[in-house]
file input_17.txt (compact mmCIF, C-alpha atoms)
# COMPACT_ATOMS: atom_id res chain seq x y z
CA MET A 1 -38.86 -65.01 -104.52
CA PHE A 2 -36.33 -63.07 -102.46
CA CYS A 3 -37.42 -59.47 -101.90
CA VAL A 4 -34.76 -57.01 -103.11
CA GLY A 5 -35.66 -54.50 -100.39
CA ARG A 6 -35.26 -57.12 -97.69
CA TRP A 7 -31.96 -58.26 -99.23
CA LYS A 8 -30.59 -54.72 -99.03
CA ARG A 9 -31.63 -54.40 -95.38
CA LEU A 10 -30.04 -57.73 -94.51
CA LEU A 11 -26.86 -56.86 -96.40
CA HIS A 12 -26.67 -53.54 -94.54
CA ARG A 13 -27.08 -55.25 -91.19
CA PHE A 14 -24.62 -58.02 -92.06
CA LEU A 15 -21.89 -55.61 -93.07
CA GLN A 16 -22.33 -53.67 -89.82
CA THR A 17 -21.97 -56.93 -87.93
CA LEU A 18 -18.79 -57.88 -89.79
CA ASP A 19 -17.35 -54.46 -89.14
CA VAL A 20 -16.56 -55.10 -85.50
CA HIS A 21 -16.63 -58.85 -84.95
CA VAL A 22 -12.99 -59.18 -83.93
CA THR A 23 -11.13 -61.18 -81.33
CA PRO A 24 -7.73 -60.60 -79.74
CA VAL A 25 -5.14 -63.20 -80.65
CA GLY A 26 -4.50 -65.42 -77.67
CA GLY A 27 -7.76 -64.84 -75.80
CA GLY A 28 -8.72 -62.60 -72.90
CA LEU A 29 -6.64 -61.02 -70.15
CA ASN A 30 -7.45 -63.68 -67.59
CA ARG A 31 -6.19 -66.45 -69.87
CA LEU A 32 -3.02 -64.59 -70.76
CA PHE A 33 -2.27 -63.18 -67.32
CA PRO A 34 -3.71 -65.45 -64.61
CA GLY A 35 -3.40 -64.22 -61.05
CA CYS A 36 -2.81 -60.55 -61.86
CA ASN A 37 -4.14 -58.06 -59.35
CA LEU A 38 -6.28 -55.07 -60.30
CA ARG A 39 -3.51 -52.54 -60.54
CA ASP A 40 -1.41 -54.80 -62.80
CA TYR A 41 -4.15 -54.92 -65.43
CA ARG A 42 -3.82 -51.24 -66.34
CA ASN A 43 -0.17 -51.76 -67.27
CA ILE A 44 -0.97 -54.98 -69.11
CA ILE A 45 -3.64 -53.27 -71.21
CA PHE A 46 -1.40 -50.43 -72.33
CA GLU A 47 1.95 -52.23 -72.57
CA SER A 48 0.86 -55.37 -74.43
CA ASP A 49 1.09 -55.41 -78.22
CA TRP A 50 -2.43 -56.60 -78.96
CA SER A 51 -3.13 -57.72 -82.50
CA VAL A 52 -6.56 -58.55 -83.81
CA LYS A 53 -8.02 -60.65 -86.56
CA MET A 54 -11.34 -60.75 -88.30
CA ALA A 55 -13.52 -63.74 -87.53
CA ARG A 56 -13.17 -65.12 -91.03
CA GLU A 57 -15.30 -68.13 -90.31
CA ILE A 58 -18.30 -65.89 -90.90
CA LEU A 59 -17.39 -65.68 -94.58
CA PRO A 60 -17.68 -68.58 -97.02
CA ALA A 61 -14.32 -70.07 -97.99
CA ASN A 62 -14.38 -68.72 -101.55
CA GLU A 63 -14.95 -65.16 -100.29
CA GLN A 64 -12.43 -64.94 -97.45
CA SER A 65 -9.74 -63.45 -99.65
CA THR A 66 -11.97 -60.69 -100.99
CA THR A 67 -11.14 -57.36 -99.32
CA THR A 68 -11.54 -53.73 -100.16
CA ALA A 69 -10.07 -50.50 -98.88
CA SER A 70 -13.46 -49.06 -97.99
CA SER A 71 -14.93 -49.42 -94.50
CA PRO A 72 -18.17 -51.40 -94.08
CA SER A 73 -19.33 -48.78 -91.60
CA GLU A 74 -19.61 -46.33 -94.50
CA THR A 75 -22.77 -48.15 -95.56
CA SER A 76 -24.45 -47.28 -92.26
CA SER A 77 -26.44 -44.19 -91.40
CA PRO A 78 -24.90 -40.71 -91.81
CA LEU A 79 -24.57 -40.39 -88.04
CA GLN A 80 -22.67 -43.65 -87.76
CA SER A 81 -20.40 -42.83 -90.70
CA ALA A 82 -19.53 -39.52 -89.06
CA VAL A 83 -17.65 -41.40 -86.37
CA ARG A 84 -14.02 -41.95 -87.25
CA ARG A 85 -13.28 -45.59 -86.64
CA ARG A 86 -9.54 -44.96 -86.61
CA SER A 87 -9.91 -42.94 -83.43
CA PHE A 88 -10.97 -45.91 -81.37
CA LEU A 89 -10.48 -49.20 -83.30
CA LYS A 90 -7.08 -50.58 -84.15
CA GLY A 91 -6.10 -53.41 -86.39
CA LEU A 92 -9.55 -54.08 -87.83
CA GLY A 93 -9.68 -55.71 -91.25
CA VAL A 94 -12.35 -54.91 -93.83
CA VAL A 95 -14.41 -57.38 -95.76
CA GLY A 96 -15.83 -57.14 -99.25
CA ALA A 97 -19.49 -57.49 -99.99
CA ALA A 98 -19.34 -59.75 -103.05
CA LEU A 99 -21.68 -62.35 -101.59
CA SER A 100 -24.28 -64.44 -103.32
CA THR A 101 -27.85 -64.29 -102.02
CA GLY A 102 -27.68 -67.83 -100.66
CA SER A 103 -24.40 -67.42 -98.81
CA LEU A 104 -25.55 -64.05 -97.48
CA LEU A 105 -28.62 -65.55 -95.81
CA THR A 106 -26.62 -68.44 -94.39
CA ASN A 107 -23.96 -66.22 -92.92
CA ILE A 108 -26.44 -63.70 -91.51
CA ALA A 109 -28.08 -66.52 -89.58
CA GLU A 110 -24.68 -67.60 -88.26
CA ALA A 111 -23.63 -64.06 -87.34
CA GLN A 112 -26.86 -63.33 -85.51
CA GLY A 113 -26.32 -66.35 -83.34
CA ARG A 114 -22.88 -65.32 -82.17
CA ASP A 115 -22.23 -63.90 -78.73
CA GLY A 116 -20.15 -60.82 -78.11
CA ILE A 117 -20.62 -59.06 -81.45
CA ILE A 118 -20.41 -55.32 -80.87
CA THR A 119 -20.91 -52.35 -83.15
CA VAL A 120 -18.78 -49.28 -83.72
CA GLY A 121 -21.32 -47.34 -81.65
CA ASP A 122 -21.01 -49.82 -78.78
CA VAL A 123 -17.24 -49.32 -78.79
CA ALA A 124 -17.66 -45.54 -78.76
CA ILE A 125 -20.01 -45.75 -75.77
CA LEU A 126 -17.68 -48.04 -73.84
CA ARG A 127 -14.68 -45.83 -74.57
CA PHE A 128 -16.49 -42.78 -73.22
CA LEU A 129 -17.59 -44.69 -70.13
CA ALA A 130 -14.02 -45.93 -69.62
CA ALA A 131 -12.80 -42.32 -69.68
CA ALA A 132 -15.54 -41.29 -67.23
CA GLU A 133 -14.54 -44.09 -64.87
CA ILE A 134 -10.86 -43.12 -65.10
CA LEU A 135 -11.84 -39.58 -64.06
CA GLU A 136 -13.97 -40.93 -61.22
CA THR A 137 -11.14 -43.16 -60.04
CA ASP A 138 -8.83 -40.15 -60.01
CA LEU A 139 -11.10 -37.99 -57.86
CA TRP A 140 -12.08 -40.80 -55.50
CA GLN A 141 -8.41 -41.71 -55.08
CA GLN A 142 -7.80 -38.19 -53.77
CA TYR A 143 -10.72 -38.49 -51.37
CA ASN A 144 -9.46 -41.86 -50.16
CA GLU A 145 -5.91 -40.64 -49.59
CA LEU A 146 -7.10 -37.97 -47.15
CA GLY A 147 -10.47 -39.19 -45.89
CA GLY A 148 -10.75 -42.90 -46.60
CA ILE A 149 -8.77 -46.04 -45.84
CA PRO A 150 -5.55 -46.39 -47.84
CA ASP A 151 -4.66 -50.09 -47.98
CA SER A 152 -3.54 -52.82 -50.37
CA GLU A 153 -6.89 -52.64 -52.21
CA VAL A 154 -6.74 -48.88 -52.68
CA PRO A 155 -3.14 -47.85 -51.96
CA GLY A 156 -1.76 -44.33 -51.68
CA GLY A 157 -1.91 -41.63 -49.03
CA SER A 158 -1.98 -41.77 -45.26
CA GLY A 159 -5.07 -39.82 -44.21
CA SER A 160 -5.75 -36.44 -42.65
CA PRO A 161 -7.04 -37.10 -39.09
CA LEU A 162 -9.14 -33.97 -38.54
CA TYR A 163 -10.59 -34.11 -42.08
CA ILE A 164 -11.59 -37.71 -41.37
CA LYS A 165 -13.21 -36.61 -38.10
CA GLY A 166 -15.17 -33.99 -40.01
CA LEU A 167 -16.40 -36.61 -42.47
CA GLU A 168 -17.34 -38.92 -39.60
CA VAL A 169 -19.71 -36.24 -38.30
CA LEU A 170 -21.81 -37.09 -41.39
CA ASP A 171 -21.51 -40.83 -40.70
CA GLY A 172 -19.10 -42.87 -38.63
CA ASP A 173 -18.49 -45.24 -41.54
CA MET A 174 -17.54 -42.55 -44.06
CA PRO A 175 -13.91 -43.70 -44.46
CA GLN A 176 -15.05 -47.23 -45.33
CA TYR A 177 -17.65 -45.96 -47.79
CA ILE A 178 -15.06 -43.72 -49.48
CA HIS A 179 -12.65 -46.63 -49.75
CA ASP A 180 -15.28 -48.92 -51.28
CA ASN A 181 -16.50 -46.30 -53.75
CA THR A 182 -12.90 -45.74 -54.84
CA GLU A 183 -12.30 -49.44 -55.39
CA ASP A 184 -15.57 -49.79 -57.30
CA GLU A 185 -14.62 -47.04 -59.76
CA LEU A 186 -11.18 -48.58 -60.25
CA THR A 187 -12.72 -51.95 -61.11
CA HIS A 188 -15.15 -50.30 -63.53
CA GLU A 189 -12.30 -48.55 -65.33
CA LEU A 190 -10.19 -51.69 -65.56
CA PHE A 191 -13.06 -53.96 -66.61
CA ILE A 192 -14.33 -51.73 -69.42
CA ASN A 193 -10.84 -51.25 -70.84
CA ALA A 194 -10.09 -54.97 -70.59
CA TYR A 195 -13.38 -55.77 -72.34
CA LEU A 196 -12.54 -53.36 -75.15
CA VAL A 197 -9.18 -55.06 -75.60
CA SER A 198 -10.86 -58.49 -75.62
CA LYS A 199 -12.91 -57.32 -78.61
CA GLY A 200 -9.92 -55.94 -80.46
CA ALA A 201 -10.81 -52.31 -79.72
CA GLU A 202 -8.42 -49.70 -78.39
CA PRO A 203 -8.62 -49.01 -74.64
CA VAL A 204 -8.64 -45.51 -73.20
CA SER A 205 -5.77 -43.84 -71.37
CA LEU A 206 -5.76 -40.35 -69.87
CA ASP A 207 -2.25 -40.62 -68.44
CA GLN A 208 -0.97 -37.86 -70.73
CA PHE A 209 -3.29 -35.44 -68.92
CA ARG A 210 -2.24 -36.22 -65.33
CA ASN A 211 -0.75 -32.77 -64.81
CA LEU A 212 -2.92 -31.12 -62.12
CA PRO A 213 -1.37 -30.54 -58.68
CA SER A 214 -2.12 -32.59 -55.59
CA SER A 215 -3.27 -31.25 -52.26
CA GLN A 216 -0.34 -30.08 -50.17
CA ALA A 217 -1.94 -31.35 -46.97
CA THR A 218 -0.22 -34.10 -45.04
CA GLY A 219 -1.55 -37.47 -46.17
CA ALA A 220 -1.86 -36.76 -49.89
CA GLN A 221 0.42 -38.29 -52.51
CA GLN A 222 2.39 -35.76 -54.54
CA ILE A 223 1.53 -37.03 -58.01
CA GLY A 224 -0.10 -35.61 -61.13
CA ARG A 225 -3.91 -35.56 -61.11
CA LEU A 226 -6.65 -35.49 -63.71
CA THR A 227 -9.19 -33.69 -61.52
CA ASN A 228 -9.20 -30.69 -59.21
CA LEU A 229 -11.06 -31.06 -55.88
CA MET A 230 -9.89 -27.74 -54.47
CA GLN A 231 -11.87 -25.29 -56.63
CA LEU A 232 -15.33 -26.83 -56.91
CA SER A 233 -18.70 -25.28 -57.69
CA VAL A 234 -20.94 -28.08 -56.41
CA ASP A 235 -24.33 -28.47 -58.08
CA THR A 236 -26.73 -29.50 -55.31
CA THR A 237 -29.96 -29.43 -57.33
CA TRP A 238 -30.04 -33.25 -57.20
CA PHE A 239 -31.16 -32.87 -53.57
CA THR A 240 -34.38 -31.06 -54.48
CA ARG A 241 -34.82 -32.85 -57.83
CA TYR A 242 -35.13 -36.27 -56.24
CA ARG A 243 -37.54 -34.95 -53.62
CA SER A 244 -39.86 -33.28 -56.11
CA ARG A 245 -43.18 -35.02 -56.83
CA THR A 246 -43.90 -32.99 -59.95
CA GLY A 247 -40.63 -32.04 -61.62
CA ASN A 248 -38.47 -33.94 -64.08
CA PRO A 249 -35.53 -32.37 -65.98
CA ASP A 250 -36.46 -34.53 -68.98
CA LEU A 251 -39.72 -32.55 -69.13
CA GLY A 252 -37.99 -29.19 -68.89
CA ASP A 253 -38.20 -28.62 -65.13
CA SER A 254 -35.48 -26.94 -63.06
CA PHE A 255 -34.77 -27.18 -59.35
CA PRO A 256 -33.36 -24.95 -56.58
CA GLN A 257 -29.94 -25.47 -55.05
CA ALA A 258 -30.02 -27.11 -51.64
CA ILE A 259 -26.76 -25.39 -50.62
CA PRO A 260 -26.47 -22.24 -52.77
CA SER A 261 -23.18 -21.05 -51.24
CA ILE A 262 -21.13 -24.02 -52.55
CA ALA A 263 -22.77 -23.85 -55.98
CA MET A 264 -21.23 -20.39 -56.53
CA GLY A 265 -17.55 -19.56 -56.40
CA GLN A 266 -14.77 -22.09 -55.96
CA HIS A 267 -14.56 -24.24 -52.84
CA PRO A 268 -12.30 -27.04 -51.55
CA ALA A 269 -13.70 -30.50 -50.84
CA ILE A 270 -10.33 -31.74 -49.55
CA PRO A 271 -7.81 -29.86 -47.42
CA ARG A 272 -5.59 -27.71 -49.64
CA THR A 273 -2.84 -27.50 -47.05
CA ASP A 274 -2.47 -28.31 -43.36
CA ASP A 275 -3.82 -24.80 -42.63
CA ASP A 276 -7.26 -26.13 -43.56
CA VAL A 277 -7.16 -28.76 -40.82
CA GLN A 278 -5.82 -26.86 -37.83
CA PRO A 279 -7.44 -27.96 -34.54
CA ASP A 280 -9.90 -25.66 -32.76
CA PRO A 281 -9.99 -26.60 -29.04
CA SER A 282 -13.28 -24.70 -28.61
CA LYS A 283 -15.11 -27.11 -30.97
CA PRO A 284 -16.22 -30.72 -30.45
CA HIS A 285 -13.39 -33.11 -31.35
CA HIS A 286 -11.33 -29.97 -32.11
CA ILE A 287 -12.84 -29.82 -35.64
CA SER A 288 -12.77 -26.20 -36.80
CA ASP A 289 -15.71 -24.74 -38.74
CA LEU A 290 -13.47 -24.47 -41.81
CA THR A 291 -12.51 -28.15 -41.64
CA GLN A 292 -16.14 -29.13 -41.13
CA ALA A 293 -17.24 -26.94 -44.05
CA ILE A 294 -14.71 -28.72 -46.29
CA ALA A 295 -16.01 -32.11 -45.09
CA ASN A 296 -19.62 -30.99 -45.68
CA THR A 297 -18.72 -29.84 -49.18
CA ALA A 298 -17.20 -33.24 -49.85
CA GLY A 299 -20.34 -34.96 -48.57
CA PHE A 300 -22.51 -33.14 -51.09
CA HIS A 301 -19.95 -33.52 -53.87
CA PHE A 302 -19.90 -37.31 -53.40
CA ALA A 303 -23.60 -37.43 -54.24
CA THR A 304 -23.25 -34.90 -57.08
CA ILE A 305 -20.72 -37.14 -58.81
CA GLU A 306 -22.63 -40.38 -58.31
CA GLN A 307 -26.05 -39.02 -59.33
CA GLY A 308 -24.37 -38.11 -62.61
CA GLY A 309 -23.33 -41.71 -63.13
CA SER A 310 -26.78 -42.91 -62.09
CA SER A 311 -28.23 -41.02 -65.05
CA LEU A 312 -25.38 -41.40 -67.56
CA TYR A 313 -25.50 -45.19 -67.75
CA PRO A 314 -29.24 -45.55 -68.49
CA MET A 315 -28.98 -42.64 -70.92
CA LEU A 316 -26.29 -44.39 -72.97
CA ALA A 317 -27.83 -47.84 -72.54
CA GLN A 318 -30.60 -46.73 -74.89
CA ARG A 319 -28.00 -46.39 -77.68
CA VAL A 320 -26.35 -49.79 -77.22
CA THR A 321 -26.85 -52.58 -79.79
CA SER A 322 -25.04 -55.60 -78.33
CA LEU A 323 -26.90 -57.42 -75.55
CA GLU A 324 -23.58 -58.16 -73.88
CA VAL A 325 -22.61 -54.49 -73.90
CA LEU A 326 -26.08 -53.63 -72.63
CA ARG A 327 -25.52 -56.06 -69.78
CA ILE A 328 -22.25 -54.33 -68.93
CA VAL A 329 -23.80 -50.86 -69.00
CA LEU A 330 -26.79 -51.85 -66.88
CA SER A 331 -24.71 -53.82 -64.39
CA ILE A 332 -22.16 -51.07 -63.77
CA GLY A 333 -24.86 -48.39 -63.86
CA GLY A 334 -26.66 -50.17 -61.03
CA THR A 335 -23.68 -49.75 -58.73
CA GLU A 336 -23.60 -46.03 -59.51
CA ILE A 337 -27.18 -45.84 -58.23
CA CYS A 338 -26.15 -47.68 -55.05
CA HIS A 339 -23.37 -45.15 -54.54
CA PHE A 340 -25.71 -42.22 -55.08
CA GLN A 341 -28.29 -43.36 -52.56
CA THR A 342 -25.58 -43.88 -49.95
CA TRP A 343 -24.18 -40.38 -50.41
CA SER A 344 -27.64 -38.83 -50.68
CA ASP A 345 -28.30 -40.10 -47.18
CA LYS A 346 -24.98 -38.90 -45.73
CA ALA A 347 -25.08 -35.41 -47.25
CA GLY A 348 -28.26 -34.66 -45.33
CA ASN A 349 -26.35 -35.15 -42.07
CA SER A 350 -24.08 -32.15 -42.72
CA PRO A 351 -24.21 -29.93 -39.61
CA ALA A 352 -25.43 -26.35 -40.01
CA LEU A 353 -22.64 -23.76 -39.97
CA SER A 354 -21.35 -20.62 -41.61
CA VAL A 355 -17.68 -19.76 -42.05
CA VAL A 356 -15.51 -17.45 -44.13
CA ASP A 357 -12.84 -19.25 -46.13
CA PRO A 358 -9.61 -17.38 -45.30
CA VAL A 359 -8.09 -18.30 -48.69
CA THR A 360 -10.96 -17.25 -50.99
CA GLY A 361 -12.76 -14.78 -48.72
CA LEU A 362 -16.05 -16.53 -49.58
CA THR A 363 -18.69 -17.26 -46.95
CA VAL A 364 -19.77 -20.88 -46.93
CA THR A 365 -23.13 -21.58 -45.31
CA PHE A 366 -24.78 -24.91 -44.63
CA PRO A 367 -28.33 -24.27 -43.43
CA ASP A 368 -30.52 -26.56 -41.35
CA LEU A 369 -32.38 -28.18 -44.26
CA ASN A 370 -35.21 -29.39 -42.02
CA SER A 371 -36.14 -26.00 -40.59
CA PRO A 372 -37.93 -22.92 -42.01
CA PRO A 373 -37.57 -21.24 -44.41
CA LEU A 374 -36.51 -24.58 -45.86
CA GLY A 375 -37.98 -27.87 -44.63
CA GLY A 376 -40.91 -29.62 -46.27
CA GLU A 377 -40.58 -32.44 -48.75
CA ASP A 378 -38.23 -30.54 -51.04
CA PHE A 379 -35.55 -30.42 -48.32
CA GLN A 380 -36.44 -33.14 -45.78
CA THR A 381 -33.12 -34.88 -45.21
CA ASN A 382 -34.39 -38.42 -44.57
CA LEU A 383 -36.17 -38.64 -47.93
CA ILE A 384 -33.30 -40.53 -49.54
CA MET A 385 -35.36 -42.60 -51.99
CA PRO A 386 -36.53 -41.02 -55.26
CA GLU A 387 -39.98 -39.52 -54.78
CA PRO A 388 -42.52 -40.46 -57.50
CA THR A 389 -42.69 -37.81 -60.20
CA ALA A 390 -43.77 -37.19 -63.79
CA PHE A 391 -42.17 -39.61 -66.27
CA LEU A 392 -42.35 -39.59 -70.11
CA SER A 393 -45.63 -37.65 -70.05
CA ARG A 394 -47.52 -35.67 -67.45
CA LYS A 395 -50.62 -37.56 -68.60
CA LEU A 396 -49.21 -40.75 -67.07
CA PRO A 397 -49.20 -41.55 -63.33
CA ALA A 398 -46.26 -40.40 -61.23
CA CYS A 399 -43.47 -42.95 -60.94
CA SER A 400 -40.36 -43.29 -58.75
CA ILE A 401 -37.46 -43.15 -61.22
CA ILE A 402 -33.88 -42.15 -61.87
CA ARG A 403 -33.93 -38.74 -63.55
CA PRO A 404 -32.89 -37.50 -66.01
CA THR A 405 -32.62 -40.41 -68.46
CA ALA A 406 -33.25 -38.77 -71.85
CA THR A 407 -30.50 -40.02 -74.15
CA LYS A 408 -29.98 -37.06 -76.49
CA GLY A 409 -26.57 -35.48 -75.92
CA ALA A 410 -25.94 -37.62 -72.85
CA ALA A 411 -22.17 -37.93 -73.09
CA MET A 412 -21.52 -34.29 -73.99
CA GLY A 413 -23.90 -33.26 -71.23
CA ALA A 414 -21.79 -35.23 -68.74
CA VAL A 415 -18.62 -33.48 -69.92
CA ARG A 416 -20.29 -30.09 -69.55
CA ALA A 417 -21.57 -30.91 -66.05
CA LEU A 418 -18.16 -32.06 -64.82
CA THR A 419 -16.56 -28.98 -66.33
CA ALA A 420 -19.09 -26.69 -64.63
CA ASP A 421 -18.35 -28.53 -61.39
CA GLY A 422 -14.80 -27.16 -61.53
CA LEU A 423 -13.23 -30.60 -61.72
CA PHE A 424 -11.12 -29.68 -64.73
CA ILE A 425 -9.84 -26.26 -63.67
CA GLY A 426 -6.23 -26.17 -64.87
CA GLN A 427 -6.61 -28.85 -67.55
CA SER A 428 -5.19 -28.37 -71.04
CA LYS A 429 -7.00 -27.62 -74.28
CA ASP A 430 -5.90 -31.04 -75.53
CA PHE A 431 -7.70 -32.68 -72.62
CA PHE A 432 -10.97 -30.94 -73.43
CA LYS A 433 -10.58 -31.77 -77.12
CA PHE A 434 -9.97 -35.43 -76.30
CA MET A 435 -12.97 -35.68 -73.96
CA LYS A 436 -15.28 -33.86 -76.36
CA THR A 437 -14.23 -36.20 -79.18
CA LEU A 438 -15.05 -39.25 -77.07
CA ALA A 439 -18.38 -37.69 -76.07
CA THR A 440 -19.31 -36.82 -79.65
CA GLU A 441 -18.56 -40.36 -80.81
CA ALA A 442 -20.66 -41.84 -78.00
CA ASP A 443 -23.58 -39.50 -78.70
CA LEU A 444 -23.51 -40.44 -82.39
CA ALA A 445 -24.02 -44.11 -81.55
CA LEU A 446 -27.36 -45.49 -82.68
CA ARG A 447 -29.08 -48.65 -81.53
CA GLN A 448 -29.16 -51.07 -84.50
call {"tool": "encode", "arguments": {"input": "input_17.txt", "output": "C-alpha cells"}}
result
Amino acid sequence: MFCVGRWKRLLHRFLQTLDVHVTPVGGGLNRLFPGCNLRDYRNIIFESDWSVKMAREILPANEQSTTTASSPSETSSPLQSAVRRRSFLKGLGVVGAALSTGSLLTNIAEAQGRDGIITVGDVAILRFLAAAEILETDLWQQYNELGGIPDSEVPGGSGSPLYIKGLEVLDGDMPQYIHDNTEDELTHELFINAYLVSKGAEPVSLDQFRNLPSSQATGAQQIGRLTNLMQLSVDTTWFTRYRSRTGNPDLGDSFPQAIPSIAMGQHPAIPRTDDDVQPDPSKPHHISDLTQAIANTAGFHFATIEQGGSSLYPMLAQRVTSLEVLRIVLSIGGTEICHFQTWSDKAGNSPALSVVDPVTGLTVTFPDLNSPPLGGEDFQTNLIMPEPTAFLSRKLPACSIIRPTATKGAAMGAVRALTADGLFIGQSKDFFKFMKTLATEADLALRQ
C-alpha cells in the first residue's frame, strides 16, 4: 500500500524541484563565449537575450503538455510563497500536477538524481550575494585606484603616491593585497551572476544606482559609484570580538570599539582631494598625520568589510538546499575569511596618532592598542586568529570559530551594517528599496 501522507510529501517536494529545474538554451557562458576575459562577461550577461526551457524530460510523455497558470511554488511553505518569483526568475514555465502515483515515484527518483537542481530560495540567496559582491567590487575598485595596483587585471586609476606610502606603513605589500582583494570580489560577482544565468535565473545589476561621486584626488577615475568611502563610520568591534574568550554576538554579547573615534562621525578612508595628501617634510617619508590617519582608517575598514563577508556566507549557507549552491557559498565564503585574516593582521600595525580633520573638524585618534589603558588579550595586535569562545551554548567547551553565524535575518542584517557604515550615504530611495527586497527574499529562503 502507498501511504497517502507520504505521497503528499513526495508530491510537494517534486513540485518544488520542478519549479526551478531550468537550463539556458545553448549551454553555459564558457561554451557560448570561449576566450572572454573577466570584464567581458558582465556585458555578456546583461546584453544577451537568454531564453530558458523547462527540463521536460522529467515529465512522462503523456503529461508534458499539461500546464497550468498557477506556480508550483505556491504549494510550498507560507514563507516560500511570500517570495515573488517574478522578481528574480525569468522565462520559467509551470508544470501541472496531474501525475499518477506510479509515474510520480519514477520521476521523483530521476529528479533526485540530477545535478544542479536549485530552488527558488537558492536563487534568492545567490542574487543577494551577487549584489553584495557587486558592492564589494565597487568599493575595492576605489581603493585599488588610489592605493593598489591598477593593471590589466584590475584596470582604472593611477594611484596616489603619498596615500600608498601611508598604507605601506601598515605593510609593505598593501598595494598588492588591495589589488588581489579587488580582483577576487570581481570574480565572485561575475561567477555568481553567470551561474544564475546558466540556471535560467535573472542576474543582478546595480548599474542604475551608480550615481555617487568619485574622489577628486589625482589617481581616481571620475565615474559614478555605488559606495561612498569618504564619509565612513567604521565599526571596529570585530577587533575585540575575535579576541574575546567568552563573548559571542550569537549569544547576545556586545564588544567595545577598538578605535572609537572612527566609529563616530564621518571619516574618509581614501583621499577626498589632493589636499588630503599634501607632503609634510617634518614627517617620515613626508606622510602627514592626516594622510596617515586616512590610511589607518582604510586599514581598519578593509577588515570591517571582510569580516562581514566571513559571517554572511556561513549564515546563508544554512538556508541553501542545492548541494551545488552550497558548494558555491562555502567556497566563496572561504576566501572572504582569508581576506579578513589578512586585514585583521594589517590593521593592528596602524601607527598611533591624533589629528584634527580640517574638513570635518573631527579629531581622529589611533591609540597604541598594546599599551595601557588598552593592551591585554582584548587588544593585543598580534592575536590575528580567532580566540576560542562560547559557541551554540555556554555549557559546551570554548571553540575557535567565525562569529556571528546565526542565520536569522542574515541578509537584512548585512544591509543594515553596510548602511550604518556610511557606505550608502547619498544613495537613492530606490537603491535601498531594491537592496531590502533582495535581502528579504534571501532571508525567506528555507532549506528543503
call {"tool": "closest_atom_pairs", "arguments": {"input": "input_17.txt", "of": "range 110-189 of chain A", "to": "range 328-346 of chain A", "cutoff": "12 Å", "atoms": "all atoms listed in the file", "output": "Markdown table"}}
result
| residue | atom | partner | partner_atom | distance |
| --- | --- | --- | --- | --- |
| A:Gly116 | CA | A:Ile328 | CA | 11.4 |
| A:Asp122 | CA | A:Val329 | CA | 10.2 |
| A:Val123 | CA | A:Val329 | CA | 11.9 |
| A:Ile125 | CA | A:Val329 | CA | 9.3 |
| A:Leu126 | CA | A:Val329 | CA | 8.3 |
| A:Arg127 | CA | A:Val329 | CA | 11.8 |
| A:Phe128 | CA | A:Val329 | CA | 11.7 |
| A:Leu129 | CA | A:Val329 | CA | 8.8 |
| A:Ala130 | CA | A:Val329 | CA | 11.0 |
| A:Glu133 | CA | A:Ile332 | CA | 10.4 |
| A:Glu136 | CA | A:Glu336 | CA | 11.0 |
| A:Leu167 | CA | A:Lys346 | CA | 9.5 |
| A:Glu168 | CA | A:Lys346 | CA | 9.8 |
| A:Val169 | CA | A:Lys346 | CA | 9.5 |
| A:Leu170 | CA | A:Lys346 | CA | 5.7 |
| A:Asp171 | CA | A:Lys346 | CA | 6.4 |
| A:Gly172 | CA | A:Lys346 | CA | 10.0 |
| A:Asp173 | CA | A:Lys346 | CA | 10.0 |
| A:Met174 | CA | A:Lys346 | CA | 8.5 |
| A:Gln176 | CA | A:Thr342 | CA | 12.0 |
| A:Tyr177 | CA | A:Thr342 | CA | 8.5 |
| A:Ile178 | CA | A:Trp343 | CA | 9.8 |
| A:His179 | CA | A:His339 | CA | 11.8 |
| A:Asp180 | CA | A:His339 | CA | 9.5 |
| A:Asn181 | CA | A:His339 | CA | 7.0 |
| A:Thr182 | CA | A:His339 | CA | 10.5 |
| A:Glu183 | CA | A:Thr335 | CA | 11.9 |
| A:Asp184 | CA | A:Thr335 | CA | 8.2 |
| A:Glu185 | CA | A:Glu336 | CA | 9.0 |
| A:Leu186 | CA | A:Ile332 | CA | 11.8 |
| A:Thr187 | CA | A:Ile332 | CA | 9.8 |
| A:His188 | CA | A:Ile332 | CA | 7.1 |
| A:Glu189 | CA | A:Ile332 | CA | 10.3 |
call {"tool": "residues_around", "arguments": {"input": "input_17.txt", "residues": "Arg210 in chain A", "least_positions_apart": "3", "cutoff": "10 Å", "atoms": "only C-alpha atoms", "output": "PyMOL selection string"}}
result
chain A and resi 138+206-207+213+223-227+427+431
call {"tool": "atom_distance", "arguments": {"input": "input_17.txt", "atom1": "CA of Ala303 in chain A", "atom2": "CA of Val320 in chain A"}}
result
26.2 Å
call {"tool": "residues_around", "arguments": {"input": "input_17.txt", "residues": "Leu162 in chain A", "least_positions_apart": "3", "cutoff": "12 Å", "atoms": "all atoms listed in the file", "output": "PyMOL selection string"}}
result
chain A and resi 146-147+159+165-169+217-219+270-271+274-280+283-292+294-295
call {"tool": "axis_aligned_box", "arguments": {"input": "input_17.txt", "around": "range 393-398 of chain A", "padding_each_side": "3 Å", "output": "AutoDock Vina command-line options"}}
result
--center_x -48.1 --center_y -38.6 --center_z -65.6 --size_x 11.0 --size_y 11.9 --size_z 14.8
call {"tool": "atom_distance", "arguments": {"input": "input_17.txt", "atom1": "CA of Met230 in chain A", "atom2": "CA of Gly426 in chain A"}}
result
11.1 Å
call {"tool": "atom_distance", "arguments": {"input": "input_17.txt", "atom1": "CA of Phe300 in chain A", "atom2": "CA of Lys408 in chain A"}}
result
26.8 Å
call {"tool": "closest_residue", "arguments": {"input": "input_17.txt", "among": "A:Ile384, A:Ala445, A:Met315, A:Leu374", "to": "Ile118 in chain A", "atoms": "all atoms listed in the file"}}
result
A:Ala445
call {"tool": "closest_residue", "arguments": {"input": "input_17.txt", "among": "A:Val415, A:Leu396, A:Val364, A:Ala258", "to": "Thr381 in chain A", "atoms": "all atoms listed in the file"}}
result
A:Ala258
call {"tool": "residues_near_point", "arguments": {"input": "input_17.txt", "point": "(-18.6, -37.6, -52.2)", "cutoff": "9 Å", "atoms": "only C-alpha atoms", "output": "number ranges by chain"}}
result
A: 140, 143, 178, 269, 297-306, 340, 343, 347
call {"tool": "residues_around", "arguments": {"input": "input_17.txt", "residues": "Ala390 in chain A", "least_positions_apart": "6", "cutoff": "12 Å", "atoms": "all atoms listed in the file", "output": "PyMOL selection string"}}
result
chain A and resi 241-242+244-253+396-404
